[in-house]
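Data from model_1.cif: mmCIF, C-alpha atoms
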```cif
data_run
#
loop_
_atom_site.group_PDB
_atom_site.id
_atom_site.type_symbol
_atom_site.label_atom_id
_atom_site.label_comp_id
_atom_site.auth_asym_id
_atom_site.auth_seq_id
_atom_site.Cartn_x
_atom_site.Cartn_y
_atom_site.Cartn_z
ATOM 1 C CA MET A 202 94.961 -11.234 -0.361
ATOM 2 C CA SER A 203 94.757 -8.177 1.912
ATOM 3 C CA ALA A 204 93.276 -4.837 0.803
ATOM 4 C CA GLU A 205 96.780 -3.364 1.141
ATOM 5 C CA LYS A 206 98.142 -5.733 -1.472
ATOM 6 C CA ASP A 207 99.685 -3.908 -4.424
ATOM 7 C CA ILE A 208 97.147 -1.503 -5.836
ATOM 8 C CA ARG A 209 99.274 -1.424 -8.954
ATOM 9 C CA ARG A 210 98.246 -4.971 -9.841
ATOM 10 C CA ALA A 211 94.515 -4.313 -9.618
ATOM 11 C CA PRO A 212 92.486 -4.635 -12.838
ATOM 12 C CA ALA A 213 93.106 -1.816 -15.286
ATOM 13 C CA GLY A 214 89.679 -0.255 -14.736
ATOM 14 C CA ALA A 215 89.697 -0.489 -10.937
ATOM 15 C CA VAL A 216 91.130 3.010 -10.475
ATOM 16 C CA PRO A 217 90.365 5.559 -13.235
ATOM 17 C CA MET A 218 93.251 7.330 -14.933
ATOM 18 C CA TRP A 219 92.020 10.730 -13.742
ATOM 19 C CA ALA A 220 92.564 9.608 -10.145
ATOM 20 C CA TRP A 221 96.234 8.818 -10.809
ATOM 21 C CA LYS A 222 96.641 12.171 -12.543
ATOM 22 C CA LEU A 223 94.942 13.909 -9.644
ATOM 23 C CA SER A 224 97.416 12.263 -7.254
ATOM 24 C CA LEU A 225 100.270 13.830 -9.232
ATOM 25 C CA ALA A 226 98.551 17.230 -9.190
ATOM 26 C CA VAL A 227 98.189 16.959 -5.390
ATOM 27 C CA CYS A 228 101.934 16.296 -5.187
ATOM 28 C CA ALA A 229 102.553 19.400 -7.282
ATOM 29 C CA ALA A 230 100.426 21.532 -4.941
ATOM 30 C CA ILE A 231 102.167 20.264 -1.803
ATOM 31 C CA TRP A 232 105.629 20.638 -3.323
ATOM 32 C CA GLY A 233 104.751 24.125 -4.538
ATOM 33 C CA GLY A 234 104.131 25.207 -0.956
ATOM 34 C CA SER A 235 107.312 23.502 0.217
ATOM 35 C CA PHE A 236 109.529 25.978 -1.672
ATOM 36 C CA VAL A 237 108.570 28.741 0.747
ATOM 37 C CA VAL A 238 108.815 26.416 3.756
ATOM 38 C CA MET A 239 112.297 25.259 2.744
ATOM 39 C CA LYS A 240 113.530 28.759 1.934
ATOM 40 C CA ASP A 241 112.905 29.869 5.512
ATOM 41 C CA THR A 242 114.161 26.607 7.041
ATOM 42 C CA LEU A 243 117.433 26.796 5.097
ATOM 43 C CA ASP A 244 118.312 29.862 7.156
ATOM 44 C CA ASN A 245 118.770 27.520 10.135
ATOM 45 C CA ILE A 246 119.431 24.046 8.721
ATOM 46 C CA PRO A 247 121.940 23.509 5.856
ATOM 47 C CA PRO A 248 120.451 21.991 2.664
ATOM 48 C CA ALA A 249 121.940 18.484 2.778
ATOM 49 C CA TRP A 250 121.245 18.109 6.495
ATOM 50 C CA LEU A 251 117.652 19.212 5.918
ATOM 51 C CA MET A 252 117.165 16.655 3.145
ATOM 52 C CA GLY A 253 118.864 13.927 5.172
ATOM 53 C CA ILE A 254 116.624 14.502 8.191
ATOM 54 C CA ARG A 255 113.575 14.729 5.954
ATOM 55 C CA PHE A 256 114.210 11.482 4.081
ATOM 56 C CA ALA A 257 115.353 9.484 7.120
ATOM 57 C CA ALA A 258 112.198 10.350 9.067
ATOM 58 C CA SER A 259 110.040 9.673 6.001
ATOM 59 C CA ALA A 260 111.640 6.261 5.403
ATOM 60 C CA VAL A 261 110.868 5.233 8.996
ATOM 61 C CA ILE A 262 107.235 6.421 8.805
ATOM 62 C CA VAL A 263 106.422 4.953 5.367
ATOM 63 C CA GLY A 264 108.282 1.751 6.249
ATOM 64 C CA ALA A 265 106.215 1.374 9.425
ATOM 65 C CA LEU A 266 102.953 1.986 7.528
ATOM 66 C CA PHE A 267 103.758 -0.537 4.798
ATOM 67 C CA TRP A 268 105.850 -3.059 6.755
ATOM 68 C CA ARG A 269 103.784 -5.980 5.424
ATOM 69 C CA LYS A 270 104.674 -5.050 1.872
ATOM 70 C CA LEU A 271 108.326 -4.833 2.849
ATOM 71 C CA ARG A 272 108.111 -8.251 4.509
ATOM 72 C CA ASP A 273 106.463 -9.829 1.447
ATOM 73 C CA ASN A 274 108.395 -8.107 -1.362
ATOM 74 C CA LEU A 275 111.816 -6.950 -0.185
ATOM 75 C CA ASP A 276 114.469 -8.834 -2.147
ATOM 76 C CA ARG A 277 117.706 -8.048 -3.964
ATOM 77 C CA SER A 278 115.922 -6.673 -7.029
ATOM 78 C CA HIS A 279 113.798 -4.272 -4.962
ATOM 79 C CA LEU A 280 116.892 -3.184 -3.025
ATOM 80 C CA VAL A 281 118.898 -2.480 -6.185
ATOM 81 C CA MET A 282 116.102 -0.732 -8.105
ATOM 82 C CA GLY A 283 114.998 1.231 -5.042
ATOM 83 C CA ALA A 284 118.588 2.300 -4.366
ATOM 84 C CA ILE A 285 118.949 3.567 -7.938
ATOM 85 C CA LEU A 286 115.733 5.576 -7.537
ATOM 86 C CA GLY A 287 116.979 6.881 -4.196
ATOM 87 C CA ILE A 288 120.280 8.055 -5.666
ATOM 88 C CA ALA A 289 118.512 9.904 -8.497
ATOM 89 C CA SER A 290 115.833 11.409 -6.225
ATOM 90 C CA GLY A 291 118.159 12.200 -3.315
ATOM 91 C CA ALA A 292 120.749 13.871 -5.532
ATOM 92 C CA ALA A 293 118.019 15.888 -7.257
ATOM 93 C CA PHE A 294 116.585 17.213 -3.995
ATOM 94 C CA VAL A 295 119.983 17.972 -2.448
ATOM 95 C CA VAL A 296 121.185 19.891 -5.516
ATOM 96 C CA GLN A 297 117.830 21.681 -5.814
ATOM 97 C CA ASN A 298 117.939 22.830 -2.201
ATOM 98 C CA ILE A 299 121.545 23.959 -2.411
ATOM 99 C CA GLY A 300 120.425 26.006 -5.408
ATOM 100 C CA LEU A 301 117.424 27.378 -3.507
ATOM 101 C CA ASP A 302 119.843 28.963 -1.039
ATOM 102 C CA ASP A 303 121.030 31.264 -3.879
ATOM 103 C CA THR A 304 117.784 32.114 -5.660
ATOM 104 C CA THR A 305 114.124 32.890 -4.932
ATOM 105 C CA PRO A 306 111.444 30.217 -4.346
ATOM 106 C CA GLY A 307 109.583 31.189 -7.520
ATOM 107 C CA ARG A 308 112.637 31.029 -9.780
ATOM 108 C CA ASN A 309 113.732 27.762 -8.196
ATOM 109 C CA ALA A 310 110.303 26.258 -8.842
ATOM 110 C CA PHE A 311 110.068 27.489 -12.439
ATOM 111 C CA LEU A 312 113.554 26.280 -13.348
ATOM 112 C CA THR A 313 112.926 22.923 -11.665
ATOM 113 C CA ALA A 314 109.857 22.595 -13.893
ATOM 114 C CA THR A 315 112.116 22.267 -16.933
ATOM 115 C CA TYR A 316 112.238 18.544 -16.204
ATOM 116 C CA CYS A 317 108.944 18.403 -18.108
ATOM 117 C CA VAL A 318 110.943 19.420 -21.195
ATOM 118 C CA MET A 319 113.614 16.802 -20.618
ATOM 119 C CA THR A 320 111.512 13.787 -19.593
ATOM 120 C CA PRO A 321 110.080 12.707 -22.988
ATOM 121 C CA PHE A 322 113.535 12.827 -24.553
ATOM 122 C CA ILE A 323 115.314 11.052 -21.697
ATOM 123 C CA ASN A 324 112.550 8.446 -21.902
ATOM 124 C CA TRP A 325 113.310 8.148 -25.624
ATOM 125 C CA LEU A 326 116.993 7.519 -24.866
ATOM 126 C CA ILE A 327 116.321 4.921 -22.168
ATOM 127 C CA VAL A 328 113.286 2.971 -23.428
ATOM 128 C CA ARG A 329 113.283 3.999 -27.114
ATOM 129 C CA GLN A 330 109.749 5.409 -26.899
ATOM 130 C CA ARG A 331 109.563 8.291 -29.358
ATOM 131 C CA PRO A 332 107.881 11.453 -27.986
ATOM 132 C CA GLY A 333 104.530 12.382 -29.518
ATOM 133 C CA ARG A 334 104.074 15.640 -31.393
ATOM 134 C CA ASN A 335 102.127 17.037 -28.461
ATOM 135 C CA ASN A 336 105.121 16.256 -26.208
ATOM 136 C CA VAL A 337 107.421 18.201 -28.517
ATOM 137 C CA VAL A 338 105.044 21.188 -28.686
ATOM 138 C CA ALA A 339 104.552 21.100 -24.918
ATOM 139 C CA ALA A 340 108.309 20.937 -24.382
ATOM 140 C CA LEU A 341 108.902 23.934 -26.649
ATOM 141 C CA LEU A 342 106.215 25.914 -24.821
ATOM 142 C CA ALA A 343 107.813 25.014 -21.509
ATOM 143 C CA ILE A 344 111.201 26.210 -22.770
ATOM 144 C CA VAL A 345 109.634 29.540 -23.755
ATOM 145 C CA GLY A 346 107.957 29.804 -20.352
ATOM 146 C CA VAL A 347 111.149 29.124 -18.441
ATOM 147 C CA GLY A 348 113.013 31.490 -20.739
ATOM 148 C CA LEU A 349 110.626 34.307 -19.892
ATOM 149 C CA VAL A 350 111.374 33.695 -16.224
ATOM 150 C CA ALA A 351 115.147 33.480 -16.639
ATOM 151 C CA LEU A 352 115.703 36.323 -19.104
ATOM 152 C CA GLY A 353 116.141 39.877 -17.904
ATOM 153 C CA ASP A 354 114.146 42.839 -19.172
ATOM 154 C CA ASP A 355 116.819 43.417 -21.836
ATOM 155 C CA LEU A 356 116.518 39.713 -22.856
ATOM 156 C CA SER A 357 119.956 38.922 -21.413
ATOM 157 C CA LEU A 358 120.329 35.621 -19.572
ATOM 158 C CA ILE A 359 120.430 36.397 -15.874
ATOM 159 C CA MET A 360 121.274 33.184 -14.048
ATOM 160 C CA SER A 361 122.784 32.907 -10.588
ATOM 161 C CA GLY A 362 124.785 29.927 -9.389
ATOM 162 C CA GLY A 363 121.656 28.739 -7.616
ATOM 163 C CA ASP A 364 119.712 28.913 -10.886
ATOM 164 C CA TRP A 365 122.266 26.722 -12.682
ATOM 165 C CA LEU A 366 122.240 24.182 -9.852
ATOM 166 C CA THR A 367 118.456 24.121 -10.102
ATOM 167 C CA LEU A 368 118.718 23.174 -13.784
ATOM 168 C CA VAL A 369 121.077 20.322 -12.860
ATOM 169 C CA SER A 370 118.484 19.094 -10.372
ATOM 170 C CA ALA A 371 115.846 19.239 -13.114
ATOM 171 C CA VAL A 372 117.878 16.748 -15.176
ATOM 172 C CA LEU A 373 118.033 14.411 -12.180
ATOM 173 C CA PHE A 374 114.289 14.732 -11.563
ATOM 174 C CA ALA A 375 113.615 13.837 -15.217
ATOM 175 C CA VAL A 376 115.811 10.745 -14.932
ATOM 176 C CA HIS A 377 113.972 9.738 -11.751
ATOM 177 C CA ILE A 378 110.556 10.059 -13.430
ATOM 178 C CA VAL A 379 111.623 7.809 -16.302
ATOM 179 C CA LEU A 380 113.184 5.231 -13.975
ATOM 180 C CA VAL A 381 110.068 5.031 -11.777
ATOM 181 C CA ALA A 382 107.937 4.272 -14.846
ATOM 182 C CA ARG A 383 110.460 1.652 -15.964
ATOM 183 C CA PHE A 384 110.975 -0.107 -12.616
ATOM 184 C CA SER A 385 107.398 -0.048 -11.281
ATOM 185 C CA SER A 386 106.033 -2.473 -13.883
ATOM 186 C CA ALA A 387 107.918 -5.414 -12.341
ATOM 187 C CA HIS A 388 108.195 -4.318 -8.696
ATOM 188 C CA ASP A 389 105.984 -3.421 -5.759
ATOM 189 C CA VAL A 390 105.714 0.359 -5.749
ATOM 190 C CA MET A 391 105.524 0.818 -1.978
ATOM 191 C CA THR A 392 108.580 -1.360 -1.349
ATOM 192 C CA LEU A 393 110.511 0.644 -3.945
ATOM 193 C CA THR A 394 109.357 3.865 -2.257
ATOM 194 C CA VAL A 395 110.635 2.855 1.181
ATOM 195 C CA VAL A 396 114.021 1.762 -0.198
ATOM 196 C CA GLN A 397 114.197 4.960 -2.265
ATOM 197 C CA LEU A 398 113.571 7.158 0.788
ATOM 198 C CA ALA A 399 116.170 5.277 2.830
ATOM 199 C CA MET A 400 118.777 5.558 0.077
ATOM 200 C CA SER A 401 118.033 9.248 -0.401
ATOM 201 C CA ALA A 402 118.580 9.742 3.333
ATOM 202 C CA VAL A 403 121.946 7.930 3.221
ATOM 203 C CA LEU A 404 123.081 10.005 0.238
ATOM 204 C CA ALA A 405 121.983 13.339 1.723
ATOM 205 C CA LEU A 406 123.469 12.624 5.155
ATOM 206 C CA GLY A 407 126.708 11.503 3.508
ATOM 207 C CA VAL A 408 126.949 14.768 1.584
ATOM 208 C CA ALA A 409 126.068 16.712 4.732
ATOM 209 C CA ALA A 410 128.718 15.002 6.859
ATOM 210 C CA PHE A 411 131.493 15.963 4.437
ATOM 211 C CA THR A 412 130.367 19.399 3.252
ATOM 212 C CA GLU A 413 128.249 21.108 5.928
ATOM 213 C CA ARG A 414 128.297 21.954 9.604
ATOM 214 C CA PRO A 415 125.531 20.209 11.592
ATOM 215 C CA PRO A 416 122.605 22.442 12.584
ATOM 216 C CA ALA A 417 122.882 23.995 16.049
ATOM 217 C CA PRO A 418 120.858 22.088 18.707
ATOM 218 C CA GLU A 419 118.924 25.213 19.675
ATOM 219 C CA VAL A 420 117.395 25.295 16.187
ATOM 220 C CA PHE A 421 115.195 22.371 17.208
ATOM 221 C CA ALA A 422 113.779 24.311 20.153
ATOM 222 C CA SER A 423 111.817 26.471 17.711
ATOM 223 C CA ALA A 424 108.179 25.663 16.936
ATOM 224 C CA ASP A 425 108.705 27.054 13.408
ATOM 225 C CA THR A 426 111.432 24.461 12.776
ATOM 226 C CA TRP A 427 109.135 21.604 13.811
ATOM 227 C CA PHE A 428 106.297 22.977 11.678
ATOM 228 C CA SER A 429 108.620 23.099 8.664
ATOM 229 C CA LEU A 430 109.958 19.595 9.324
ATOM 230 C CA GLY A 431 106.417 18.306 9.781
ATOM 231 C CA TYR A 432 105.376 19.766 6.426
ATOM 232 C CA LEU A 433 108.455 18.428 4.640
ATOM 233 C CA VAL A 434 108.397 14.970 6.239
ATOM 234 C CA LEU A 435 104.688 14.167 6.426
ATOM 235 C CA LEU A 436 103.386 15.978 3.342
ATOM 236 C CA SER A 437 106.275 16.589 0.935
ATOM 237 C CA SER A 438 107.879 13.187 1.497
ATOM 238 C CA CYS A 439 105.509 10.612 3.026
ATOM 239 C CA VAL A 440 102.367 11.642 1.154
ATOM 240 C CA CYS A 441 103.986 12.907 -2.039
ATOM 241 C CA MET A 442 106.484 10.080 -2.554
ATOM 242 C CA VAL A 443 103.696 7.534 -2.200
ATOM 243 C CA PHE A 444 101.317 9.458 -4.467
ATOM 244 C CA GLN A 445 104.069 10.203 -6.980
ATOM 245 C CA ASN A 446 105.338 6.656 -7.353
ATOM 246 C CA LEU A 447 101.820 5.184 -7.531
ATOM 247 C CA GLY A 448 100.726 7.838 -10.023
ATOM 248 C CA GLN A 449 103.810 7.417 -12.197
ATOM 249 C CA ALA A 450 103.231 3.672 -12.312
ATOM 250 C CA HIS A 451 100.072 4.425 -14.346
ATOM 251 C CA VAL A 452 100.564 7.805 -16.057
ATOM 252 C CA PRO A 453 103.009 7.966 -19.018
ATOM 253 C CA PRO A 454 106.275 9.742 -18.123
ATOM 254 C CA ALA A 455 105.761 12.733 -20.437
ATOM 255 C CA GLN A 456 102.309 13.496 -19.011
ATOM 256 C CA ALA A 457 103.451 12.788 -15.453
ATOM 257 C CA SER A 458 106.343 15.234 -15.720
ATOM 258 C CA LEU A 459 104.104 18.024 -16.987
ATOM 259 C CA LEU A 460 101.483 17.430 -14.291
ATOM 260 C CA LEU A 461 104.213 17.500 -11.654
ATOM 261 C CA SER A 462 105.596 20.690 -13.182
ATOM 262 C CA LEU A 463 102.427 22.416 -11.956
ATOM 263 C CA GLU A 464 104.326 22.756 -8.684
ATOM 264 C CA SER A 465 105.851 25.879 -10.248
ATOM 265 C CA VAL A 466 102.354 27.371 -10.473
ATOM 266 C CA PHE A 467 101.636 26.662 -6.821
ATOM 267 C CA ALA A 468 105.140 27.742 -5.791
ATOM 268 C CA VAL A 469 104.780 31.168 -7.371
ATOM 269 C CA VAL A 470 101.412 31.698 -5.693
ATOM 270 C CA ALA A 471 102.896 30.688 -2.332
ATOM 271 C CA SER A 472 106.018 32.771 -2.939
ATOM 272 C CA VAL A 473 103.951 35.878 -3.710
ATOM 273 C CA LEU A 474 101.657 35.362 -0.713
ATOM 274 C CA PHE A 475 104.223 34.410 1.914
ATOM 275 C CA TYR A 476 107.666 35.418 0.584
ATOM 276 C CA HIS A 477 106.515 38.664 -1.063
ATOM 277 C CA GLU A 478 108.212 37.783 -4.337
ATOM 278 C CA LEU A 479 107.502 40.299 -7.108
ATOM 279 C CA VAL A 480 105.929 38.787 -10.226
ATOM 280 C CA THR A 481 106.470 41.024 -13.252
ATOM 281 C CA PRO A 482 104.245 40.817 -16.370
ATOM 282 C CA ARG A 483 107.041 38.921 -18.165
ATOM 283 C CA ILE A 484 107.265 36.300 -15.418
ATOM 284 C CA ALA A 485 103.459 36.047 -15.304
ATOM 285 C CA ILE A 486 103.440 35.302 -19.049
ATOM 286 C CA GLY A 487 106.081 32.635 -18.444
ATOM 287 C CA PHE A 488 103.895 31.169 -15.723
ATOM 288 C CA GLY A 489 100.938 31.018 -18.122
ATOM 289 C CA THR A 490 103.027 29.483 -20.905
ATOM 290 C CA ILE A 491 104.097 26.572 -18.710
ATOM 291 C CA PHE A 492 100.462 26.024 -17.735
ATOM 292 C CA VAL A 493 99.490 25.941 -21.435
ATOM 293 C CA ALA A 494 102.249 23.365 -21.981
ATOM 294 C CA VAL A 495 100.528 21.089 -19.479
ATOM 295 C CA LEU A 496 97.202 21.518 -21.275
ATOM 296 C CA VAL A 497 98.793 20.739 -24.660
ATOM 297 C CA SER A 498 100.288 17.550 -23.257
ATOM 298 C CA GLU A 499 96.999 16.456 -21.700
ATOM 299 C CA LEU A 500 94.739 17.345 -24.653
ATOM 300 C CA GLY A 501 97.183 15.831 -27.144
ATOM 301 C CA ALA A 502 97.284 12.577 -25.203
ATOM 302 C CA ARG A 503 93.479 12.418 -25.156
ATOM 303 C CA LEU A 504 93.273 13.042 -28.923
ATOM 304 C CA ASN A 505 95.855 10.330 -29.575
ATOM 305 C CA ARG A 506 93.683 7.892 -27.617
ATOM 306 C CA GLY A 507 90.574 9.014 -29.516
ATOM 307 C CA GLU A 508 88.787 10.322 -26.381
#
```

Turn the structure described in the file into structure tokens.
Amino acid sequence: MSAEKDIRRAPAGAVPMWAWKLSLAVCAAIWGGSFVVMKDTLDNIPPAWLMGIRFAASAVIVGALFWRKLRDNLDRSHLVMGAILGIASGAAFVVQNIGLDDTTPGRNAFLTATYCVMTPFINWLIVRQRPGRNNVVAALLAIVGVGLVALGDDLSLIMSGGDWLTLVSAVLFAVHIVLVARFSSAHDVMTLTVVQLAMSAVLALGVAAFTERPPAPEVFASADTWFSLGYLVLLSSCVCMVFQNLGQAHVPPAQASLLLSLESVFAVVASVLFYHELVTPRIAIGFGTIFVAVLVSELGARLNRGE
């Protein structure tokens, strides 16, 4: 058996749990930076076209890197399960990026992070695994945190169309997280990832063909465009999709969703540094509340295991 062969099937103690959690935190950091990258790129490339290009290139690269796994594992079951993951993931990213065109990177990131609230309960509906008390507390804290971001100074709900679309994408991201955990136990993770990326590309390009004008050819003469595409393809998709799916194959969905929600932390930092977004005290408190929600989820899980 080659060293490449399905890390997911290695003995339980071969890779410590903290390493899988760290892989999800790395994804969160990379995705946090991508909000600013995408915000600028969307000025030149429409959202669905951007996602289609991103996922198509990523599918080719990851497929080339893991072609032996595809050769050994690709069958009807992997195609069907991977396609389902691709539809959920592709739709989530397309809707999120359409929403980003009508809101700020920080707000988009914070509202996307509400999938950490939804995941334990969607998981309950699909696999009948009741959320722990720490999940419920963490979810309530996350709701408060997002509320502090979304509410105006007079406590009125100030939500743009882009904000509402971002919440729809959060539901889709939560569904995707639960499905990855469900499908990965009986399938090769890397094969699922390649099929998922390819299906996401098909979905995004299909939406783009019917709803958006193609980007102008001169856009691709810009070095900034290629830097953005390089970040989105190589880091946000190739690295993060691999890390995410491998990490979620080992970390319970509720904890995984909250670790991934740390992207809102990194996104706000990047948005302040590079997009000059103003962070008011109220939004800063919301930021901190979501971070506390992650800690509650993690510490509660450790106590439940008697660590």

Which of these, A:Ala399, A:Ala424, A:Ile327, A:Ala293, has the shortest distance to Val372 in chain A once you count only C-alpha atoms?
A:Ala293

Ground truth for the PyMOL selection byres ((chain A and resi 463-469) around 6), written as a PyMOL selection string:
chain A and resi 229-230+232-234+307+310-311+460-462+470-472

Spatial neighbours of Ala289 in chain A, 9 Å, all atoms listed in the file, chain gap at least 6 places, as a ChimeraX atom specification
/A:373-374,376-377,380,401

Give the centre and edge lengths of an axis-aligned box, in Å to one decimal, that holds all listed atoms of range 296-300 of chain A with 6 Å on each side, as AutoDock Vina command-line options.
```
--center_x 119.7 --center_y 22.9 --center_z -4.0 --size_x 15.7 --size_y 18.1 --size_z 15.6
```

Determine the residue membership of the PyMOL selection byres ((chain A and resi 408) around 12) for the file above and supply it as JSON, numbers by chain.
{"A": [247, 248, 249, 250, 251, 252, 253, 288, 291, 292, 295, 296, 299, 401, 402, 403, 404, 405, 406, 407, 409, 410, 411, 412, 413, 414, 415]}
